[in-house]
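Chemist: Structure file entry-v2.cif, mmCIF, C-alpha atoms, is pasted below:
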```cif
data_final
loop_
_atom_site.label_atom_id
_atom_site.label_comp_id
_atom_site.auth_asym_id
_atom_site.auth_seq_id
_atom_site.Cartn_x
_atom_site.Cartn_y
_atom_site.Cartn_z
CA MET A 1 -31.57 8.52 -8.18
CA GLN A 2 -31.81 11.64 -6.04
CA VAL A 3 -29.77 14.76 -6.68
CA LEU A 4 -28.41 16.03 -3.36
CA ALA A 5 -26.17 18.82 -4.62
CA GLY A 6 -24.52 20.36 -7.65
CA GLU A 7 -27.55 20.28 -9.92
CA ARG A 8 -26.02 22.86 -12.24
CA GLY A 9 -23.17 20.42 -12.99
CA LEU A 10 -25.44 17.61 -14.13
CA ASP A 11 -24.79 18.30 -17.82
CA ARG A 12 -21.08 17.49 -17.39
CA GLU A 13 -19.73 14.79 -19.65
CA VAL A 14 -19.03 11.48 -17.87
CA ASP A 15 -16.47 9.30 -19.66
CA SER A 16 -15.87 6.54 -17.12
CA GLY A 17 -16.70 5.26 -13.66
CA TYR A 18 -14.75 4.06 -10.65
CA CYS A 19 -16.07 2.03 -7.73
CA THR A 20 -14.24 2.11 -4.41
CA ASP A 21 -14.83 2.83 -0.75
CA LEU A 22 -11.13 3.50 -0.11
CA ILE A 23 -10.26 7.18 -0.28
CA SER A 24 -6.64 6.68 -1.35
CA ASP A 25 -7.71 4.22 -4.02
CA PHE A 26 -9.89 6.87 -5.64
CA MET A 27 -7.15 9.46 -5.18
CA ALA A 28 -4.76 7.18 -7.08
CA ASN A 29 -7.14 5.87 -9.75
CA GLY A 30 -10.01 8.32 -10.13
CA THR A 31 -9.68 10.35 -13.33
CA PRO A 32 -11.06 13.68 -14.51
CA GLY A 33 -14.54 13.15 -15.95
CA CYS A 34 -15.21 9.91 -14.11
CA LEU A 35 -18.19 9.17 -11.90
CA TRP A 36 -17.27 7.87 -8.43
CA LEU A 37 -19.54 5.21 -6.99
CA THR A 38 -19.07 4.77 -3.24
CA LEU A 39 -20.92 4.16 -0.02
CA GLN A 40 -18.63 6.51 1.92
CA ALA A 41 -20.61 9.67 2.63
CA HIS A 42 -18.32 12.00 4.55
CA MET A 43 -16.68 15.33 3.85
CA ASN A 44 -13.43 13.94 2.48
CA VAL A 45 -15.29 12.24 -0.38
CA VAL A 46 -16.19 15.71 -1.64
CA ALA A 47 -12.61 16.95 -1.16
CA VAL A 48 -11.11 14.00 -3.05
CA ALA A 49 -13.68 14.17 -5.86
CA LEU A 50 -12.73 17.83 -6.36
CA LEU A 51 -8.99 17.11 -6.23
CA THR A 52 -9.24 14.44 -8.92
CA GLY A 53 -11.64 16.42 -11.11
CA ALA A 54 -14.31 13.73 -10.97
CA ALA A 55 -17.52 14.55 -12.87
CA GLY A 56 -19.58 13.65 -9.80
CA VAL A 57 -20.22 11.23 -6.96
CA VAL A 58 -22.98 8.64 -6.61
CA LEU A 59 -23.55 7.55 -3.00
CA THR A 60 -24.88 4.02 -3.15
CA GLY A 61 -26.69 1.78 -0.69
CA GLY A 62 -29.07 4.47 0.59
CA ARG A 63 -26.99 5.38 3.64
CA GLY A 64 -27.63 8.57 5.58
CA ILE A 65 -25.75 11.58 4.25
CA PRO A 66 -24.70 14.37 6.63
CA PRO A 67 -26.15 17.75 5.54
CA GLU A 68 -22.74 19.44 5.72
CA VAL A 69 -21.50 17.05 3.01
CA CYS A 70 -24.32 18.19 0.71
CA ARG A 71 -23.65 21.83 1.56
CA LYS A 72 -19.97 21.52 0.72
CA ALA A 73 -20.71 19.75 -2.59
CA GLU A 74 -23.28 22.42 -3.44
CA ALA A 75 -20.84 25.23 -2.62
CA GLU A 76 -18.20 23.64 -4.84
CA GLY A 77 -20.63 22.81 -7.66
CA LEU A 78 -19.96 19.07 -7.39
CA PRO A 79 -22.85 16.86 -8.51
CA LEU A 80 -23.71 14.57 -5.59
CA LEU A 81 -26.33 11.89 -6.14
CA SER A 82 -27.81 9.26 -3.89
CA THR A 83 -29.45 5.95 -4.68
CA PRO A 84 -30.74 3.03 -2.61
CA CYS A 85 -29.26 0.67 -5.26
CA ARG A 86 -26.07 -1.28 -4.61
CA THR A 87 -22.79 -0.19 -6.18
CA PHE A 88 -22.78 -3.30 -8.42
CA GLU A 89 -26.14 -2.44 -9.93
CA VAL A 90 -25.33 1.25 -10.52
CA ALA A 91 -21.97 0.30 -12.06
CA GLY A 92 -23.66 -2.18 -14.40
CA ARG A 93 -26.13 0.40 -15.63
CA LEU A 94 -23.45 3.07 -16.02
CA TYR A 95 -21.24 0.64 -17.94
CA GLN A 96 -24.11 -0.12 -20.30
CA LEU A 97 -24.77 3.57 -20.88
CA LEU A 98 -21.11 4.32 -21.54
CA PHE A 99 -19.92 1.29 -23.45
CA SER A 100 -22.89 -0.64 -24.85
CA PRO A 101 -23.01 -0.36 -28.68
CA PHE A 102 -26.74 0.38 -28.45
CA HIS A 103 -26.11 3.52 -26.44
CA SER A 104 -23.09 4.89 -28.27
CA GLY A 105 -23.07 8.43 -29.64
CA MET B 1 -3.83 35.10 -12.39
CA VAL B 2 -0.28 34.66 -11.10
CA ALA B 3 2.59 34.54 -13.57
CA LEU B 4 5.89 32.82 -12.83
CA LYS B 5 8.89 33.90 -14.86
CA ASP B 6 12.29 32.24 -14.91
CA ASN B 7 13.84 34.55 -12.36
CA THR B 8 10.85 35.21 -10.13
CA PRO B 9 11.27 34.11 -6.53
CA ALA B 10 9.56 30.90 -5.44
CA LEU B 11 5.92 31.00 -4.49
CA GLU B 12 5.61 29.79 -0.91
CA LEU B 13 2.40 28.49 0.66
CA ALA B 14 1.82 27.11 4.16
CA PHE B 15 -1.27 25.62 5.78
CA PRO B 16 -1.77 24.47 9.37
CA VAL B 17 -3.15 20.92 9.61
CA ARG B 18 -5.09 19.87 12.71
CA ALA B 19 -5.06 16.31 14.03
CA ARG B 20 -8.31 14.38 13.50
CA ASP B 21 -9.92 17.24 11.62
CA PHE B 22 -11.55 15.26 8.81
CA LEU B 23 -13.71 18.21 7.84
CA ALA B 24 -10.85 20.54 6.92
CA GLY B 25 -8.39 17.75 6.01
CA GLY B 26 -7.56 18.11 2.33
CA ASP B 27 -8.13 21.88 2.19
CA GLY B 28 -4.39 22.59 2.00
CA ALA B 29 -3.93 20.23 -0.95
CA ALA B 30 -6.99 21.75 -2.64
CA ARG B 31 -5.54 25.25 -2.29
CA ILE B 32 -2.14 24.15 -3.65
CA ARG B 33 -3.90 22.56 -6.65
CA GLN B 34 -5.87 25.76 -7.25
CA VAL B 35 -2.71 27.90 -7.22
CA LEU B 36 -0.94 25.52 -9.64
CA GLN B 37 -3.93 25.74 -11.99
CA GLN B 38 -3.87 29.53 -11.82
CA VAL B 39 -0.15 29.61 -12.58
CA GLY B 40 -0.76 27.31 -15.55
CA PHE B 41 1.10 24.07 -14.79
CA GLN B 42 0.28 21.01 -16.91
CA PRO B 43 -2.68 18.94 -15.63
CA ALA B 44 -0.49 15.81 -15.28
CA ILE B 45 1.93 17.66 -12.98
CA ILE B 46 -0.93 19.21 -10.99
CA ARG B 47 -2.48 15.76 -10.55
CA ARG B 48 0.74 14.30 -9.12
CA VAL B 49 1.19 17.24 -6.75
CA ALA B 50 -2.46 17.06 -5.64
CA ILE B 51 -2.24 13.34 -4.85
CA ALA B 52 1.05 13.65 -2.96
CA ALA B 53 -0.03 16.76 -1.03
CA TYR B 54 -3.41 15.26 -0.13
CA GLU B 55 -1.92 12.01 1.16
CA ALA B 56 0.75 13.87 3.14
CA GLU B 57 -1.90 16.18 4.62
CA MET B 58 -4.20 13.30 5.59
CA ASN B 59 -1.28 11.47 7.19
CA ILE B 60 -0.90 14.47 9.52
CA VAL B 61 -4.67 14.41 10.24
CA ILE B 62 -4.73 10.66 10.90
CA HIS B 63 -1.42 9.89 12.60
CA SER B 64 -0.03 13.02 14.25
CA PHE B 65 -0.84 15.60 16.91
CA GLY B 66 -0.95 18.28 14.22
CA GLY B 67 1.41 19.98 11.84
CA GLU B 68 1.85 21.96 8.70
CA LEU B 69 1.68 21.43 4.94
CA LYS B 70 3.96 23.63 2.87
CA ALA B 71 4.47 24.14 -0.84
CA CYS B 72 7.34 25.84 -2.61
CA ILE B 73 6.57 26.48 -6.27
CA THR B 74 9.14 27.44 -8.89
CA PRO B 75 9.01 27.05 -12.68
CA GLU B 76 11.35 24.03 -12.34
CA ALA B 77 9.79 22.07 -9.48
CA ILE B 78 7.14 21.90 -6.81
CA THR B 79 8.32 20.94 -3.34
CA ILE B 80 5.76 19.76 -0.79
CA THR B 81 6.81 19.49 2.84
CA ALA B 82 4.60 17.91 5.51
CA LEU B 83 5.83 18.51 9.05
CA ASP B 84 4.19 17.18 12.16
CA THR B 85 4.63 16.67 15.84
CA GLY B 86 3.59 13.19 16.83
CA PRO B 87 4.67 9.66 17.63
CA GLY B 88 6.99 9.33 14.63
CA ILE B 89 7.33 6.32 12.32
CA PRO B 90 9.25 3.43 13.97
CA ASP B 91 10.01 1.59 10.70
CA ILE B 92 9.85 3.72 7.55
CA ASP B 93 10.47 0.77 5.17
CA LEU B 94 7.50 -1.04 6.68
CA ALA B 95 5.33 2.09 6.48
CA MET B 96 6.18 2.40 2.78
CA GLN B 97 4.81 -1.08 2.07
CA GLU B 98 1.55 -1.23 0.16
CA GLY B 99 -1.26 -2.32 2.49
CA TYR B 100 0.56 -1.66 5.75
CA SER B 101 -1.27 0.73 8.07
CA THR B 102 -1.47 1.52 11.76
CA ALA B 103 -4.73 3.49 11.46
CA SER B 104 -7.52 2.61 13.90
CA ARG B 105 -10.54 0.59 12.83
CA GLU B 106 -12.75 3.66 13.15
CA ILE B 107 -10.58 5.54 10.65
CA GLN B 108 -10.41 2.51 8.35
CA GLU B 109 -14.20 2.43 8.27
CA MET B 110 -14.11 5.91 6.76
CA GLY B 111 -12.05 4.50 3.91
CA PHE B 112 -8.68 5.72 5.18
CA GLY B 113 -5.79 3.68 6.49
CA ALA B 114 -5.71 1.25 3.57
CA GLY B 115 -1.92 1.41 3.51
CA MET B 116 -1.94 3.31 0.23
CA GLY B 117 -0.94 6.80 1.32
CA LEU B 118 2.86 6.61 1.31
CA PRO B 119 2.93 4.30 -1.76
CA ASN B 120 0.73 6.85 -3.58
CA ILE B 121 3.17 9.60 -2.61
CA ARG B 122 6.16 7.53 -3.81
CA ARG B 123 4.53 6.94 -7.21
CA CYS B 124 3.90 10.66 -7.69
CA ALA B 125 7.24 11.96 -6.40
CA ASP B 126 10.50 12.46 -8.28
CA GLU B 127 12.26 12.81 -4.92
CA LEU B 128 10.96 11.62 -1.56
CA GLU B 129 12.64 12.06 1.79
CA ILE B 130 11.10 10.90 5.07
CA THR B 131 12.75 11.71 8.37
CA SER B 132 11.15 10.72 11.62
CA THR B 133 12.11 10.88 15.28
CA MET B 134 10.25 8.69 17.70
CA GLY B 135 8.17 10.69 20.15
CA GLU B 136 8.85 13.94 18.31
CA GLY B 137 7.47 13.88 14.80
CA THR B 138 7.87 13.31 11.11
CA ARG B 139 8.93 15.33 8.09
CA VAL B 140 8.01 14.25 4.57
CA LYS B 141 9.61 16.15 1.70
CA ILE B 142 8.33 15.55 -1.82
CA VAL B 143 9.80 17.07 -4.97
CA ILE B 144 7.99 16.93 -8.30
CA TYR B 145 9.84 18.32 -11.33
CA ASN B 146 7.96 20.40 -13.83
CA ARG B 147 8.86 18.50 -17.01
#
```
Show me this structure written as structure tokens.
Modeler:
Amino acid sequence: MQVLAGERGLDREVDSGYCTDLISDFMANGTPGCLWLTLQAHMNVVAVALLTGAAGVVLTGGRGIPPEVCRKAEAEGLPLLSTPCRTFEVAGRLYQLLFSPFHSG
Amino acid sequence: MVALKDNTPALELAFPVRARDFLAGGDGAARIRQVLQQVGFQPAIIRRVAIAAYEAEMNIVIHSFGGELKACITPEAITITALDTGPGIPDIDLAMQEGYSTASREIQEMGFGAGMGLPNIRRCADELEITSTMGEGTRVKIVIYNR
């Protein structure tokens, strides 16, 4: 997982995750403190993550990310990460970290 | 820090919204959210306003020729008004239906135009009024009570 922006926010607490590529879906269902997993990598993803108070965004699938998106996330202090893994895989690992009894506490 | 007392006049904000400007689209809603946080509204109220204002702003970006997003903030209620010049909405009941969208494929590929915008606004609003004139434009007025 590569950190593209917002490194200083990486110690934020993440309490849930949400997977969607529909902007309005995240707007409606993303919650403060959640990690957004999406393959959309445009400017409005940053805007919506900030509006919902998301802990950060993980851009999945290893797609190209425009530099202005990284710059905006950096300026706003929003952790923006990128991974070549599919959303399914990242979600599975995040779920384990958050909710598996072996990782609690 | 801005303080709102019972008899202070309303706080009025207005932001121009350009058609197809996906870079700046959402900035107005972000600014409204910031002001509400500074004034000290409850997070649940701020969340509803932010969702409604964002969706209304993006509707102007996606569907109109341009317009304006306005907010009127009082201790009792927040009123968001989205005004645009554009084609208008031929059938408002249809546009309110979950999943219905007229957005182009290109815009849908960006994750917009899922037919969730107006339903999201309706869920967040205490009062919602949409008036539209074909070939002229649309006005969406959203009231969210502070309670």
Chemist: Excluding same-chain residues fewer than 6 positions from Ile32 of chain B, what lies within 8 Å of it counting only C-alpha atoms, as a PyMOL selection string?
Modeler: chain B and resi 13+50+71
Chemist: Extract, using all atoms listed in the file, all DNA, RNA and protein residues at most 9 Å from Met134 of chain B, discarding same-chain residues fewer than 5 positions from it, and format them as a ChimeraX atom specification.
Modeler: /B:86-90
Chemist: Could you produce a table of the residues of chain B lying within 7 Å of chain A, with the nearest pair of atoms per residue and their separation in Å rounded to one decimal, using only C-alpha atoms, ordered by chain and increasing residue number, as a tab-separated table?
Modeler:
```
residue	atom	partner	partner_atom	distance
B:Phe22	CA	A:Asn44	CA	6.7
B:Leu23	CA	A:Met43	CA	5.7
B:Gly26	CA	A:Ala47	CA	6.2
B:Ala30	CA	A:Leu51	CA	6.2
B:Ala50	CA	A:Leu51	CA	6.6
B:Ile51	CA	A:Met27	CA	6.3
B:Met110	CA	A:Gln40	CA	6.6
B:Gly111	CA	A:Leu22	CA	4.2
B:Phe112	CA	A:Ile23	CA	5.9
B:Ala114	CA	A:Leu22	CA	6.9
B:Met116	CA	A:Ser24	CA	6.0
B:Gly117	CA	A:Ser24	CA	6.3
B:Asn120	CA	A:Ala28	CA	6.5
```
Chemist: Just how far from atom CA of Leu35 of chain A is atom CA of Val57 of chain A, in Å to one decimal?
Modeler: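 One can read the atom CA of Val57 of chain A to atom CA of Leu35 of chain A distance as 5.7 Å.
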Chemist: For atom CA of Ser132 of chain B and atom CA of Ala52 of chain B, quote the distance in Å rounded to one decimal.
Modeler: 18.0 Å
Chemist: Quick one: pull the distance between atom CA of Met1 of chain A and atom CA of Glu76 of chain A, Å, one decimal.
Modeler: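 Computing it gives 20.5 Å between the two atoms.
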Chemist: Determine the nearest neighbour of Glu129 of chain B from the options B:Ile62, B:Leu94, B:Ile107, B:Ile80, counting all atoms listed in the file.
Modeler: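 Going through B:Ile62, B:Leu94, B:Ile107, B:Ile80 one by one, the smallest distance to Glu129 of chain B is for B:Ile80.
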Chemist: Quick one: residues within 8 Å of Val90 of chain A, all atoms listed in the file, excluding same-chain residues fewer than 4 positions away - as a ChimeraX atom specification?
Modeler: /A:37,60,85-86,94
Chemist: Export, as a tab-separated table (two decimals), in the frame of the given file, the selected residues with C-alpha atoms.
Modeler:
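So the final result, stored in result-v9.tsv, reads:
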```
chain	number	residue	atom	x	y	z
A	37	LEU	CA	-19.54	5.21	-6.99
A	60	THR	CA	-24.88	4.02	-3.15
A	85	CYS	CA	-29.26	0.67	-5.26
A	86	ARG	CA	-26.07	-1.28	-4.61
A	94	LEU	CA	-23.45	3.07	-16.02
```
Chemist: Name the closest residue to Ala77 of chain B among the candidates B:Gly28, B:Thr138, B:Val17, B:Arg48; distances are taken between atoms, counting all atoms listed in the file.
Modeler: B:Arg48
Chemist: Using the chain letters and numbers from the file, which residues does the PyMOL selection byres ((chain A and resi 75) around 12) grab, as an MDAnalysis selection string?
Modeler: chainID A and resid 4:9 46:47 50 68:74 76:80
Chemist: Could you list, as a PyMOL selection string, every residue matched by the PyMOL selection byres ((chain B and resi 11) around 8) in this structure?
Modeler: chain B and resi 9-10+12-13+71-74
Chemist: For Gly25 of chain B, list every protein, DNA or RNA residue within 7 Å, evaluated using only C-alpha atoms, and leave out those in the same chain fewer than 6 positions away; present the list as a PyMOL selection string.
Modeler: chain B and resi 57-58+61
Chemist: Please list as a JSON list (two decimals) with C-alpha atoms, in the coordinates of the input every residue within 6 Å of Thr81 of chain B, counting all atoms listed in the file and excluding residues in the same chain fewer than 6 positions away.
Modeler:
```
[["chain", "number", "residue", "atom", "x", "y", "z"],
["B", 69, "LEU", "CA", 1.68, 21.43, 4.94],
["B", 70, "LYS", "CA", 3.96, 23.63, 2.87],
["B", 140, "VAL", "CA", 8.01, 14.25, 4.57],
["B", 141, "LYS", "CA", 9.61, 16.15, 1.70]]
```
Chemist: For this file, the PyMOL selection byres ((chain B and resi 119) around 10) selects which residues, as a ChimeraX atom specification?
Modeler: /A:24,28 /B:52,55,95-100,115-118,120-125
Chemist: From the options B:Ala53, B:Arg20, B:Ala14, B:Gly40, which residue's atoms come nearest to Ser104 of chain B, counting all atoms listed in the file?
Modeler: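 Residue with the minimum atom-to-atom distance to Ser104 of chain B: B:Arg20.
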Chemist: Could you give me, as an NGL selection string, the residues that sit within 12 Å of (4.0, 25.0, 16.6) in the file's coordinates, counting only C-alpha atoms?
Modeler: :B and (16-18 or 65-68 or 83-86 or 137)
